[in-house]
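Right, one structure below, let's go through it.
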Amino acid sequence: MKLANVAGRLNVILGDNALDVEQASEGLFGADPQAVYERWQDFVDWVESAPPRGARPFDLANLGPPVPKPAQIFAIGVNYAEHAAEAGYPPDSMPVTFTKFPTCLTGPSAVVELPSDSVDWEVELVVAISKRAERVQRAQAWDHVAGLTIGQDLSERQVQMAGTKPQFSLGKSFPGFGPSGPWLVTPDELHDPNDLAIGCTLSGEVVQNSRTSRMIYDIAGLIERLSSVCPLLPGDLIFTGTPAGVGNARTPKRFIRSDDVLISSIEGIGSMTTRFNSPPPLAGSDDD
Ligand code: ZN
């Protein structure tokens, strides 16, 4: 199953069409794309038992983030060895956990305002949680996964690196810094949800290209580790870390410009396109 947020309403994607869940279920399930995780198993049963009719064409430009208002977003840094190496961390580094504050989420066709000339890309596999996960063992971890989607952990490197300790959560939470989508794909749709090609291109150049099987902590390992401390709640997200190829690690460094087009792709899920613009001049500013 593919689930999308079409203009703020929960839809099931069926080929090129989208089925509005509230209408098709005659109100059994509401339109709010976030609320479905509170009744995830009921919803899955409904989709499977009543082959839905009434799907209509939809416009990709109207898609919002598939999981728009998670209570918690966990994000993992240094979860691919080759990215740890390019970022200057030793090979045995423990992955680090931070948050992207939920106000940074945006959809898969977003235009993101660049707050500076130091904004970097990080394509990531994003996991959505289907039911409360508390001290979950690795073997049961996938029972708590609703689906997977594509995310960009956009990162403003000056804010991130300004102090003596990195400010991951702030530097990665400007408005629009969490593009996600285009839809949430349930694990049964994927040949091997632990081994998916992942990458992104910046204005046509392949800048990241890896496989999710190269994660240091895989999805089950992350759920086990995170849920040993925090309960994971239905509709929470985990940004699982980025592979090598970020702009900050290049020589010379390369950051996103307002005319760049960033296309992020994951095998079996699809791709999303992010565009950028420069901030408007500050009010009262004389120079132009
Ligand atoms: Zn990241």
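By convention in this document, the chains of the structure tokens carry letters A, B, ... by their order, each chain's residues are numbered from 1, and ligands are numbered from 1 in the order they are shown.
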
* Please run DSSP on the backbone and report, as a list of chain:residue names, all residues within range 112-190 of chain A that come out as helix (DSSP H, G or I). => A:Arg138, A:Ala139, A:Gln140, A:Ala141, A:Trp142, A:Asp143, A:His144, A:Arg157, A:Gln158, A:Val159, A:Gln160, A:Phe168, A:Ser169, A:Leu170, A:Gly171, A:Pro187, A:Asp188, A:Glu189

Hey, can you spit out that residue selection with N, CA, C and O atoms as a short mmCIF file (atom, residue, chain, number, x, y, z; two decimals), in the first residue's frame?
data_model
loop_
_atom_site.label_atom_id
_atom_site.label_comp_id
_atom_site.auth_asym_id
_atom_site.auth_seq_id
_atom_site.Cartn_x
_atom_site.Cartn_y
_atom_site.Cartn_z
N ARG A 138 14.79 -6.57 18.83
CA ARG A 138 15.07 -6.53 17.40
C ARG A 138 14.10 -7.42 16.58
O ARG A 138 13.61 -7.01 15.53
N ALA A 139 13.82 -8.62 17.08
CA ALA A 139 12.99 -9.57 16.31
C ALA A 139 11.57 -9.05 16.11
O ALA A 139 10.90 -9.45 15.16
N GLN A 140 11.10 -8.19 17.00
CA GLN A 140 9.73 -7.65 16.87
C GLN A 140 9.70 -6.25 16.25
O GLN A 140 8.63 -5.65 16.11
N ALA A 141 10.86 -5.71 15.91
CA ALA A 141 10.92 -4.30 15.52
C ALA A 141 10.05 -3.99 14.30
O ALA A 141 9.32 -3.00 14.28
N TRP A 142 10.10 -4.84 13.29
CA TRP A 142 9.35 -4.54 12.06
C TRP A 142 7.85 -4.57 12.27
O TRP A 142 7.10 -4.01 11.47
N ASP A 143 7.37 -5.23 13.34
CA ASP A 143 5.92 -5.22 13.65
C ASP A 143 5.46 -3.81 14.01
O ASP A 143 4.26 -3.57 14.11
N HIS A 144 6.39 -2.91 14.27
CA HIS A 144 6.06 -1.55 14.68
C HIS A 144 6.27 -0.53 13.56
O HIS A 144 6.23 0.67 13.79
N ARG A 157 25.04 24.23 7.73
CA ARG A 157 26.27 23.79 8.41
C ARG A 157 26.86 24.85 9.34
O ARG A 157 27.59 24.49 10.27
N GLN A 158 26.59 26.14 9.10
CA GLN A 158 27.16 27.14 10.03
C GLN A 158 26.51 27.05 11.40
O GLN A 158 27.19 27.07 12.43
N VAL A 159 25.18 26.95 11.43
CA VAL A 159 24.49 26.81 12.72
C VAL A 159 24.87 25.48 13.36
O VAL A 159 25.12 25.40 14.57
N GLN A 160 24.95 24.45 12.53
CA GLN A 160 25.26 23.12 13.08
C GLN A 160 26.63 23.10 13.75
O GLN A 160 26.81 22.46 14.78
N PHE A 168 23.16 19.84 16.03
CA PHE A 168 22.47 19.13 14.95
C PHE A 168 21.01 19.55 14.85
O PHE A 168 20.50 19.86 13.79
N SER A 169 20.29 19.53 16.01
CA SER A 169 18.84 19.69 15.96
C SER A 169 18.44 21.06 15.42
O SER A 169 17.52 21.17 14.62
N LEU A 170 19.15 22.12 15.82
CA LEU A 170 18.81 23.45 15.32
C LEU A 170 19.21 23.64 13.87
O LEU A 170 18.44 24.14 13.06
N GLY A 171 20.42 23.21 13.54
CA GLY A 171 20.93 23.43 12.18
C GLY A 171 20.15 22.68 11.12
O GLY A 171 20.25 22.98 9.94
N PRO A 187 6.03 -1.98 4.09
CA PRO A 187 7.19 -2.85 3.82
C PRO A 187 6.88 -4.03 2.90
O PRO A 187 7.76 -4.49 2.17
N ASP A 188 5.64 -4.52 2.92
CA ASP A 188 5.30 -5.68 2.07
C ASP A 188 5.41 -5.37 0.58
O ASP A 188 5.47 -6.28 -0.24
N GLU A 189 5.44 -4.08 0.22
CA GLU A 189 5.56 -3.69 -1.20
C GLU A 189 7.01 -3.77 -1.68
O GLU A 189 7.26 -3.62 -2.87
#

As a CSV table (one decimal) with all heavy atoms, in the first residue's frame, please: every protein or nucleic acid residue near ligand 1 (cut-off 12 Å, counting only C-alpha atoms and all ligand atoms).
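Below is the file that was written, out-v8.csv:
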chain,number,residue,atom,x,y,z
A,73,ILE,N,10.2,13.2,16.1
A,73,ILE,CA,11.1,12.8,14.9
A,73,ILE,C,12.5,12.5,15.5
A,73,ILE,O,13.1,13.4,16.1
A,73,ILE,CB,11.2,14.0,13.9
A,73,ILE,CG1,9.8,14.4,13.3
A,73,ILE,CG2,12.1,13.5,12.7
A,73,ILE,CD1,9.9,15.6,12.4
A,74,PHE,N,12.9,11.3,15.3
A,74,PHE,CA,14.2,10.9,15.7
A,74,PHE,C,15.1,11.0,14.4
A,74,PHE,O,14.6,10.6,13.3
A,74,PHE,CB,14.3,9.5,16.2
A,74,PHE,CG,13.4,9.3,17.4
A,74,PHE,CD1,12.1,9.0,17.3
A,74,PHE,CD2,14.0,9.5,18.7
A,74,PHE,CE1,11.3,8.8,18.5
A,74,PHE,CE2,13.2,9.3,19.8
A,74,PHE,CZ,11.9,9.0,19.7
A,75,ALA,N,16.3,11.5,14.5
A,75,ALA,CA,17.2,11.5,13.4
A,75,ALA,C,18.5,11.0,13.8
A,75,ALA,O,19.0,11.2,15.0
A,75,ALA,CB,17.3,13.0,12.9
A,76,ILE,N,19.2,10.3,12.9
A,76,ILE,CA,20.4,9.5,13.2
A,76,ILE,C,21.5,10.1,12.4
A,76,ILE,O,21.4,10.2,11.2
A,76,ILE,CB,20.2,8.0,12.9
A,76,ILE,CG1,18.9,7.5,13.6
A,76,ILE,CG2,21.4,7.2,13.3
A,76,ILE,CD1,18.9,7.6,15.1
A,77,GLY,N,22.6,10.4,13.1
A,77,GLY,CA,23.8,10.9,12.4
A,77,GLY,C,24.8,9.8,12.3
A,77,GLY,O,24.9,9.0,13.2
A,78,VAL,N,25.7,9.9,11.3
A,78,VAL,CA,26.8,9.0,11.2
A,78,VAL,C,26.4,7.5,11.2
A,78,VAL,O,26.9,6.7,12.0
A,78,VAL,CB,27.9,9.2,12.4
A,78,VAL,CG1,29.2,8.7,11.9
A,78,VAL,CG2,28.0,10.7,12.7
A,79,ASN,N,25.4,7.2,10.4
A,79,ASN,CA,24.9,5.8,10.4
A,79,ASN,C,25.4,5.0,9.1
A,79,ASN,O,24.9,3.9,8.9
A,79,ASN,CB,23.4,5.8,10.5
A,79,ASN,CG,22.8,4.4,10.9
A,79,ASN,OD1,23.5,3.6,11.6
A,79,ASN,ND2,21.6,4.1,10.6
A,80,TYR,N,26.2,5.6,8.3
A,80,TYR,CA,26.8,4.9,7.2
A,80,TYR,C,28.4,5.1,7.4
A,80,TYR,O,28.8,6.2,7.5
A,80,TYR,CB,26.4,5.5,5.9
A,80,TYR,CG,25.0,5.2,5.4
A,80,TYR,CD1,23.9,5.9,6.0
A,80,TYR,CD2,24.7,4.2,4.4
A,80,TYR,CE1,22.6,5.6,5.6
A,80,TYR,CE2,23.4,4.0,4.0
A,80,TYR,CZ,22.4,4.7,4.6
A,80,TYR,OH,21.1,4.5,4.2
A,83,HIS,N,30.1,7.6,5.2
A,83,HIS,CA,29.8,9.0,5.6
A,83,HIS,C,30.5,9.4,6.8
A,83,HIS,O,31.0,10.5,6.9
A,83,HIS,CB,28.3,9.2,5.7
A,83,HIS,CG,27.9,10.6,6.2
A,83,HIS,ND1,28.2,11.7,5.5
A,83,HIS,CD2,27.3,11.0,7.4
A,83,HIS,CE1,27.8,12.8,6.2
A,83,HIS,NE2,27.2,12.4,7.3
A,84,ALA,N,30.6,8.5,7.8
A,84,ALA,CA,31.4,8.8,9.0
A,84,ALA,C,32.8,9.2,8.6
A,84,ALA,O,33.4,10.1,9.1
A,84,ALA,CB,31.4,7.6,9.9
A,87,ALA,N,33.1,12.6,7.0
A,87,ALA,CA,32.8,13.6,8.0
A,87,ALA,C,33.9,13.7,9.1
A,87,ALA,O,33.8,14.6,10.0
A,87,ALA,CB,31.4,13.4,8.7
A,95,PRO,N,26.6,5.8,16.1
A,95,PRO,CA,25.6,6.7,15.5
A,95,PRO,C,25.0,7.7,16.6
A,95,PRO,O,24.9,7.3,17.8
A,95,PRO,CB,24.5,5.8,15.0
A,95,PRO,CG,25.3,4.6,14.7
A,95,PRO,CD,26.3,4.4,15.8
A,96,VAL,N,24.8,8.9,16.2
A,96,VAL,CA,24.3,9.9,17.2
A,96,VAL,C,22.8,10.2,16.9
A,96,VAL,O,22.4,10.2,15.7
A,96,VAL,CB,25.2,11.2,17.1
A,96,VAL,CG1,25.1,11.8,15.7
A,96,VAL,CG2,24.8,12.2,18.1
A,97,THR,N,22.1,10.4,18.0
A,97,THR,CA,20.6,10.7,17.8
A,97,THR,C,20.3,12.2,18.1
A,97,THR,O,20.8,12.7,19.1
A,97,THR,CB,19.8,9.8,18.8
A,97,THR,OG1,20.2,8.5,18.5
A,97,THR,CG2,18.3,10.0,18.6
A,98,PHE,N,19.5,12.8,17.2
A,98,PHE,CA,19.1,14.2,17.5
A,98,PHE,C,17.7,14.3,17.0
A,98,PHE,O,17.0,13.2,16.7
A,98,PHE,CB,20.0,15.2,16.8
A,98,PHE,CG,20.2,14.9,15.3
A,98,PHE,CD1,19.4,15.6,14.4
A,98,PHE,CD2,21.1,14.0,14.8
A,98,PHE,CE1,19.5,15.4,13.0
A,98,PHE,CE2,21.2,13.8,13.4
A,98,PHE,CZ,20.4,14.5,12.5
A,99,THR,N,17.1,15.5,17.0
A,99,THR,CA,15.7,15.6,16.4
A,99,THR,C,15.8,16.6,15.3
A,99,THR,O,16.6,17.5,15.3
A,99,THR,CB,14.7,16.0,17.4
A,99,THR,OG1,13.4,15.8,16.9
A,99,THR,CG2,14.8,17.4,17.9
A,100,LYS,N,14.8,16.5,14.4
A,100,LYS,CA,14.4,17.5,13.5
A,100,LYS,C,13.1,18.0,14.0
A,100,LYS,O,12.2,17.2,14.1
A,100,LYS,CB,14.3,17.1,12.0
A,100,LYS,CG,15.6,16.7,11.4
A,100,LYS,CD,15.5,16.1,10.0
A,100,LYS,CE,15.2,17.2,8.9
A,100,LYS,NZ,16.3,18.1,8.6
A,120,ASP,N,23.2,22.2,3.1
A,120,ASP,CA,23.7,20.9,2.5
A,120,ASP,C,22.5,19.9,2.4
A,120,ASP,O,21.5,20.1,3.0
A,120,ASP,CB,24.7,20.3,3.5
A,120,ASP,CG,25.8,19.5,2.8
A,120,ASP,OD1,25.6,19.1,1.7
A,120,ASP,OD2,26.8,19.2,3.5
A,121,TRP,N,22.8,18.9,1.5
A,121,TRP,CA,21.8,17.9,1.3
A,121,TRP,C,22.1,16.6,2.0
A,121,TRP,O,23.3,16.4,2.3
A,121,TRP,CB,21.7,17.6,-0.2
A,121,TRP,CG,23.1,17.2,-0.8
A,121,TRP,CD1,23.6,15.9,-0.8
A,121,TRP,CD2,24.0,18.0,-1.4
A,121,TRP,NE1,24.9,15.9,-1.4
A,121,TRP,CE2,25.1,17.2,-1.7
A,121,TRP,CE3,24.1,19.4,-1.6
A,121,TRP,CZ2,26.3,17.7,-2.3
A,121,TRP,CZ3,25.3,19.9,-2.2
A,121,TRP,CH2,26.3,19.1,-2.5
A,122,GLU,N,21.2,15.8,2.4
A,122,GLU,CA,21.4,14.5,3.0
A,122,GLU,C,20.2,13.6,2.7
A,122,GLU,O,19.2,13.7,3.4
A,122,GLU,CB,21.6,14.6,4.6
A,122,GLU,CG,22.8,15.3,5.0
A,122,GLU,CD,23.1,15.1,6.5
A,122,GLU,OE1,22.3,14.5,7.2
A,122,GLU,OE2,24.1,15.6,7.0
A,123,VAL,N,20.2,12.8,1.7
A,123,VAL,CA,19.1,11.9,1.4
A,123,VAL,C,19.1,10.8,2.5
A,123,VAL,O,20.1,10.3,2.9
A,123,VAL,CB,19.2,11.4,0.0
A,123,VAL,CG1,20.4,10.4,-0.2
A,123,VAL,CG2,17.9,10.6,-0.4
A,124,GLU,N,17.8,10.5,2.9
A,124,GLU,CA,17.7,9.5,4.0
A,124,GLU,C,16.5,8.7,3.8
A,124,GLU,O,15.4,9.2,3.4
A,124,GLU,CB,17.7,10.2,5.4
A,124,GLU,CG,18.9,11.1,5.6
A,124,GLU,CD,19.2,11.5,7.0
A,124,GLU,OE1,18.5,11.0,7.9
A,124,GLU,OE2,20.2,12.2,7.2
A,125,LEU,N,16.5,7.4,4.2
A,125,LEU,CA,15.3,6.6,4.3
A,125,LEU,C,14.6,7.0,5.6
A,125,LEU,O,15.3,7.1,6.7
A,125,LEU,CB,15.7,5.1,4.4
A,125,LEU,CG,14.6,4.1,4.5
A,125,LEU,CD1,13.8,4.1,3.2
A,125,LEU,CD2,15.1,2.7,4.8
A,126,VAL,N,13.3,7.2,5.5
A,126,VAL,CA,12.6,7.6,6.7
A,126,VAL,C,11.5,6.5,7.1
A,126,VAL,O,10.8,6.0,6.2
A,126,VAL,CB,11.9,8.9,6.5
A,126,VAL,CG1,11.0,9.3,7.7
A,126,VAL,CG2,12.9,10.0,6.2
A,151,GLY,N,13.3,11.0,2.7
A,151,GLY,CA,13.5,12.3,3.4
A,151,GLY,C,14.7,12.9,3.0
A,151,GLY,O,15.7,12.3,2.5
A,152,GLN,N,14.7,14.3,3.1
A,152,GLN,CA,16.0,15.0,3.0
A,152,GLN,C,16.2,15.7,4.4
A,152,GLN,O,15.4,16.4,4.9
A,152,GLN,CB,15.9,16.1,1.9
A,152,GLN,CG,16.4,15.7,0.6
A,152,GLN,CD,17.9,15.6,0.5
A,152,GLN,OE1,18.6,16.1,1.4
A,152,GLN,NE2,18.4,14.9,-0.5
A,153,ASP,N,17.4,15.4,4.9
A,153,ASP,CA,17.8,16.0,6.2
A,153,ASP,C,18.6,17.2,5.8
A,153,ASP,O,19.8,17.3,6.0
A,153,ASP,CB,18.6,15.0,7.0
A,153,ASP,CG,19.1,15.6,8.3
A,153,ASP,OD1,18.5,16.6,8.8
A,153,ASP,OD2,20.0,15.0,8.9
A,154,LEU,N,17.9,18.3,5.3
A,154,LEU,CA,18.6,19.5,4.9
A,154,LEU,C,19.3,20.1,6.1
A,154,LEU,O,18.7,20.1,7.2
A,154,LEU,CB,17.7,20.5,4.3
A,154,LEU,CG,17.1,20.1,2.9
A,154,LEU,CD1,16.1,21.1,2.4
A,154,LEU,CD2,18.2,19.8,1.9
A,155,SER,N,20.5,20.6,6.0
A,155,SER,CA,21.4,20.9,7.1
A,155,SER,C,22.1,22.2,6.8
A,155,SER,O,22.8,22.4,5.8
A,155,SER,CB,22.4,19.8,7.3
A,155,SER,OG,21.8,18.6,7.5
A,156,GLU,N,21.9,23.2,7.7
A,156,GLU,CA,22.6,24.5,7.6
A,156,GLU,C,23.9,24.3,8.4
A,156,GLU,O,23.9,24.3,9.7
A,156,GLU,CB,21.7,25.6,8.2
A,156,GLU,CG,22.1,27.0,7.6
A,156,GLU,CD,23.4,27.5,8.1
A,156,GLU,OE1,23.7,27.4,9.3
A,156,GLU,OE2,24.2,28.1,7.3
A,157,ARG,N,25.0,24.2,7.7
A,157,ARG,CA,26.3,23.8,8.4
A,157,ARG,C,26.9,24.8,9.3
A,157,ARG,O,27.6,24.5,10.3
A,157,ARG,CB,27.3,23.4,7.4
A,157,ARG,CG,26.9,22.2,6.5
A,157,ARG,CD,26.6,20.9,7.2
A,157,ARG,NE,26.4,19.8,6.3
A,157,ARG,CZ,25.8,18.6,6.6
A,157,ARG,NH1,25.4,18.4,7.9
A,157,ARG,NH2,25.7,17.7,5.7
A,160,GLN,N,24.9,24.4,12.5
A,160,GLN,CA,25.3,23.1,13.1
A,160,GLN,C,26.6,23.1,13.7
A,160,GLN,O,26.8,22.5,14.8
A,160,GLN,CB,25.2,22.1,11.9
A,160,GLN,CG,25.5,20.7,12.4
A,160,GLN,CD,25.6,19.7,11.2
A,160,GLN,OE1,24.9,19.8,10.2
A,160,GLN,NE2,26.4,18.7,11.4
A,168,PHE,N,23.2,19.8,16.0
A,168,PHE,CA,22.5,19.1,14.9
A,168,PHE,C,21.0,19.5,14.9
A,168,PHE,O,20.5,19.9,13.8
A,168,PHE,CB,22.5,17.6,15.2
A,168,PHE,CG,23.9,17.0,15.0
A,168,PHE,CD1,24.6,16.5,16.0
A,168,PHE,CD2,24.4,17.0,13.7
A,168,PHE,CE1,25.9,15.9,15.8
A,168,PHE,CE2,25.7,16.4,13.5
A,168,PHE,CZ,26.4,15.9,14.6
A,169,SER,N,20.3,19.5,16.0
A,169,SER,CA,18.8,19.7,16.0
A,169,SER,C,18.4,21.1,15.4
A,169,SER,O,17.5,21.2,14.6
A,169,SER,CB,18.2,19.5,17.3
A,169,SER,OG,18.5,18.2,17.8
A,171,GLY,N,20.4,23.2,13.5
A,171,GLY,CA,20.9,23.4,12.2
A,171,GLY,C,20.1,22.7,11.1
A,171,GLY,O,20.2,23.0,9.9
A,172,LYS,N,19.4,21.7,11.5
A,172,LYS,CA,18.6,20.9,10.6
A,172,LYS,C,17.1,21.1,10.7
A,172,LYS,O,16.3,20.3,10.2
A,172,LYS,CB,19.0,19.4,10.9
A,172,LYS,CG,20.4,19.1,10.5
A,172,LYS,CD,20.9,17.8,11.2
A,172,LYS,CE,22.3,17.4,10.8
A,172,LYS,NZ,22.3,16.6,9.6
A,173,SER,N,16.7,22.2,11.3
A,173,SER,CA,15.2,22.4,11.6
A,173,SER,C,14.7,23.7,11.1
A,173,SER,O,13.6,24.1,11.5
A,173,SER,CB,14.9,22.3,13.1
A,173,SER,OG,15.1,20.9,13.5
A,177,PHE,N,13.2,22.3,6.1
A,177,PHE,CA,14.4,21.5,6.1
A,177,PHE,C,14.1,20.0,6.2
A,177,PHE,O,15.0,19.2,6.2
A,177,PHE,CB,15.3,21.9,7.2
A,177,PHE,CG,16.3,23.0,6.7
A,177,PHE,CD1,15.9,23.9,5.7
A,177,PHE,CD2,17.6,23.1,7.2
A,177,PHE,CE1,16.8,24.9,5.3
A,177,PHE,CE2,18.5,24.0,6.8
A,177,PHE,CZ,18.1,25.0,5.8
A,178,GLY,N,12.8,19.6,6.2
A,178,GLY,CA,12.5,18.2,6.2
A,178,GLY,C,11.6,17.7,5.1
A,178,GLY,O,10.5,17.2,5.3
A,238,ILE,N,11.5,8.3,12.0
A,238,ILE,CA,12.9,8.1,12.2
A,238,ILE,C,13.6,8.4,10.9
A,238,ILE,O,13.4,7.7,9.9
A,238,ILE,CB,13.3,6.7,12.6
A,238,ILE,CG1,12.5,6.3,13.9
A,238,ILE,CG2,14.8,6.6,12.9
A,238,ILE,CD1,12.7,4.8,14.3
A,239,PHE,N,14.4,9.5,10.8
A,239,PHE,CA,15.3,9.8,9.7
A,239,PHE,C,16.6,8.9,10.0
A,239,PHE,O,17.2,9.1,11.0
A,239,PHE,CB,15.7,11.2,9.6
A,239,PHE,CG,14.7,12.1,9.0
A,239,PHE,CD1,13.4,12.3,9.5
A,239,PHE,CD2,15.0,12.7,7.8
A,239,PHE,CE1,12.5,13.1,8.9
A,239,PHE,CE2,14.0,13.6,7.1
A,239,PHE,CZ,12.8,13.7,7.7
A,240,THR,N,16.9,8.0,9.1
A,240,THR,CA,17.9,6.9,9.5
A,240,THR,C,19.3,7.2,9.2
A,240,THR,O,20.2,6.3,9.4
A,240,THR,CB,17.5,5.6,8.8
A,240,THR,OG1,17.4,5.8,7.4
A,240,THR,CG2,16.1,5.1,9.3
A,241,GLY,N,19.6,8.4,8.8
A,241,GLY,CA,21.0,8.8,8.5
A,241,GLY,C,21.3,8.8,7.0
A,241,GLY,O,20.6,8.2,6.2
A,242,THR,N,22.4,9.5,6.6
A,242,THR,CA,22.7,9.7,5.2
A,242,THR,C,24.0,9.0,4.8
A,242,THR,O,24.9,8.8,5.6
A,242,THR,CB,22.8,11.2,4.9
A,242,THR,OG1,22.6,11.4,3.5
A,242,THR,CG2,24.1,11.8,5.3
A,243,PRO,N,24.0,8.5,3.6
A,243,PRO,CA,25.2,7.9,3.0
A,243,PRO,C,26.3,9.0,2.7
A,243,PRO,O,26.0,10.2,2.9
A,243,PRO,CB,24.8,7.1,1.8
A,243,PRO,CG,23.5,7.7,1.4
A,243,PRO,CD,22.9,8.3,2.6
A,244,ALA,N,27.4,8.6,2.2
A,244,ALA,CA,28.4,9.5,1.8
A,244,ALA,C,28.0,10.4,0.6
A,244,ALA,O,27.0,10.1,-0.1
A,244,ALA,CB,29.7,8.8,1.4
A,245,GLY,N,28.7,11.6,0.5
A,245,GLY,CA,28.5,12.4,-0.7
A,245,GLY,C,27.9,13.8,-0.4
A,245,GLY,O,27.5,14.5,-1.3
A,246,VAL,N,27.9,14.2,0.9
A,246,VAL,CA,27.3,15.5,1.2
A,246,VAL,C,28.3,16.6,0.8
A,246,VAL,O,29.5,16.4,0.6
A,246,VAL,CB,27.0,15.6,2.7
A,246,VAL,CG1,26.0,14.5,3.2
A,246,VAL,CG2,28.3,15.6,3.6

* To do: Within 7 Å of range 216-233 of chain A, counting only C-alpha atoms, which residues show up once you throw out same-chain ones fewer than 2 positions away? Write them as a PyMOL selection string, please.
  => chain A and resi 79-81+129+131-138+141-142+214+235-236

* Quick one: of A:Ala71, A:Leu60, A:Leu282, A:Ala146, who's nearest to Phe43 in chain A, counting only C-alpha atoms? ->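 Closest residue, counting only C-alpha atoms: A:Ala146.
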
* To do: Please provide the set of residues having any atom within 7 Å of range 110-115 of chain A, restricted to only C-alpha atoms, with same-chain residues fewer than 5 positions apart removed, written as a list in words.
  =>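 What passes the distance filter is Gly176, Pro179, Thr274, Arg275, Phe276, Asn277, Ser278 and Pro279 of chain A.
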
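As for CA of Gly163 in chain A and CA of Phe101 in chain A, they are spaced 19.5 Å apart.
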
* To do: Per DSSP on the backbone, filter range 40-244 of chain A down to the residues in strand (DSSP E) and report them as an NGL selection string.
  => :A and (56-57 or 63-64 or 73-77 or 96-99 or 105-106 or 111-113 or 119-120 or 123-129 or 145-152 or 155-156 or 178-185 or 197-202 or 205-211 or 237-239)

Would you put the residues from that selection into a file with C-alpha atoms, as an mmCIF file, in the first residue's frame?
data_model
loop_
_atom_site.group_PDB
_atom_site.id
_atom_site.type_symbol
_atom_site.label_atom_id
_atom_site.label_comp_id
_atom_site.auth_asym_id
_atom_site.auth_seq_id
_atom_site.Cartn_x
_atom_site.Cartn_y
_atom_site.Cartn_z
ATOM 1 C CA ARG A 56 -9.192 9.810 -9.127
ATOM 2 C CA PRO A 57 -6.185 11.368 -10.862
ATOM 3 C CA LEU A 63 1.255 16.244 -2.179
ATOM 4 C CA GLY A 64 2.173 17.192 1.362
ATOM 5 C CA ILE A 73 11.086 12.848 14.928
ATOM 6 C CA PHE A 74 14.240 10.900 15.656
ATOM 7 C CA ALA A 75 17.190 11.533 13.387
ATOM 8 C CA ILE A 76 20.378 9.529 13.232
ATOM 9 C CA GLY A 77 23.797 10.920 12.360
ATOM 10 C CA VAL A 96 24.291 9.914 17.178
ATOM 11 C CA THR A 97 20.619 10.709 17.808
ATOM 12 C CA PHE A 98 19.096 14.186 17.480
ATOM 13 C CA THR A 99 15.740 15.596 16.387
ATOM 14 C CA LEU A 105 8.564 19.015 7.623
ATOM 15 C CA THR A 106 7.412 19.795 4.100
ATOM 16 C CA VAL A 111 10.376 25.089 -2.653
ATOM 17 C CA VAL A 112 12.641 25.627 0.352
ATOM 18 C CA GLU A 113 13.983 29.015 1.350
ATOM 19 C CA VAL A 119 22.813 24.542 3.219
ATOM 20 C CA ASP A 120 23.690 20.922 2.519
ATOM 21 C CA VAL A 123 19.100 11.945 1.416
ATOM 22 C CA GLU A 124 17.723 9.507 4.002
ATOM 23 C CA LEU A 125 15.344 6.587 4.323
ATOM 24 C CA VAL A 126 12.564 7.598 6.728
ATOM 25 C CA VAL A 127 10.622 5.107 8.859
ATOM 26 C CA ALA A 128 7.072 5.747 10.131
ATOM 27 C CA ILE A 129 6.004 3.967 13.334
ATOM 28 C CA VAL A 145 6.764 -0.122 11.215
ATOM 29 C CA ALA A 146 3.901 1.376 9.189
ATOM 30 C CA GLY A 147 6.028 2.147 6.168
ATOM 31 C CA LEU A 148 9.003 3.850 4.589
ATOM 32 C CA THR A 149 9.399 7.085 2.702
ATOM 33 C CA ILE A 150 12.115 9.373 1.339
ATOM 34 C CA GLY A 151 13.457 12.260 3.387
ATOM 35 C CA GLN A 152 15.986 15.030 2.992
ATOM 36 C CA SER A 155 21.388 20.930 7.085
ATOM 37 C CA GLU A 156 22.605 24.481 7.627
ATOM 38 C CA GLY A 178 12.496 18.151 6.211
ATOM 39 C CA PRO A 179 11.113 17.411 2.730
ATOM 40 C CA SER A 180 9.492 13.959 2.709
ATOM 41 C CA GLY A 181 7.427 11.809 0.409
ATOM 42 C CA PRO A 182 6.141 11.354 -2.163
ATOM 43 C CA TRP A 183 4.198 8.698 -0.231
ATOM 44 C CA LEU A 184 4.597 6.151 2.538
ATOM 45 C CA VAL A 185 5.166 2.618 1.223
ATOM 46 C CA ALA A 197 19.231 1.780 -3.558
ATOM 47 C CA ILE A 198 19.318 5.351 -2.186
ATOM 48 C CA GLY A 199 20.690 8.493 -3.752
ATOM 49 C CA CYS A 200 20.208 12.037 -4.884
ATOM 50 C CA THR A 201 21.200 14.317 -7.710
ATOM 51 C CA LEU A 202 21.898 18.041 -7.466
ATOM 52 C CA GLU A 205 24.986 15.570 -10.888
ATOM 53 C CA VAL A 206 24.826 12.338 -8.872
ATOM 54 C CA VAL A 207 26.047 13.436 -5.428
ATOM 55 C CA GLN A 208 24.906 10.495 -3.258
ATOM 56 C CA ASN A 209 24.506 6.884 -4.350
ATOM 57 C CA SER A 210 24.473 3.973 -1.909
ATOM 58 C CA ARG A 211 22.330 1.194 -0.464
ATOM 59 C CA LEU A 237 9.332 9.304 12.215
ATOM 60 C CA ILE A 238 12.934 8.129 12.191
ATOM 61 C CA PHE A 239 15.345 9.756 9.727
#

* Asked: Which value, in Å to one decimal, gives the distance between CA of Gln167 in chain A and CA of Leu262 in chain A?
  ->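 Between CA of Gln167 in chain A and CA of Leu262 in chain A the gap works out to 24.0 Å.
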
* Asked: With only C-alpha atoms as the basis for distance, which of A:Ser25, A:Ile266, A:Val67, A:Ser49 is at the shortest distance from Leu3 in chain A?
  ->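 Comparing A:Ser25, A:Ile266, A:Val67, A:Ser49 against Leu3 in chain A, the winner is A:Val67.
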
* Asked: Just how far from CA of Trp46 in chain A is CA of Gly15 in chain A, in Å to one decimal?
  ->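 Between CA of Gly15 in chain A and CA of Trp46 in chain A the gap is 18.8 Å.
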
* Structure fact -> Of A:Ser264, A:Thr212, A:Ser118, A:Ser93, the one nearest to Asp195 in chain A when counting only C-alpha atoms is A:Thr212
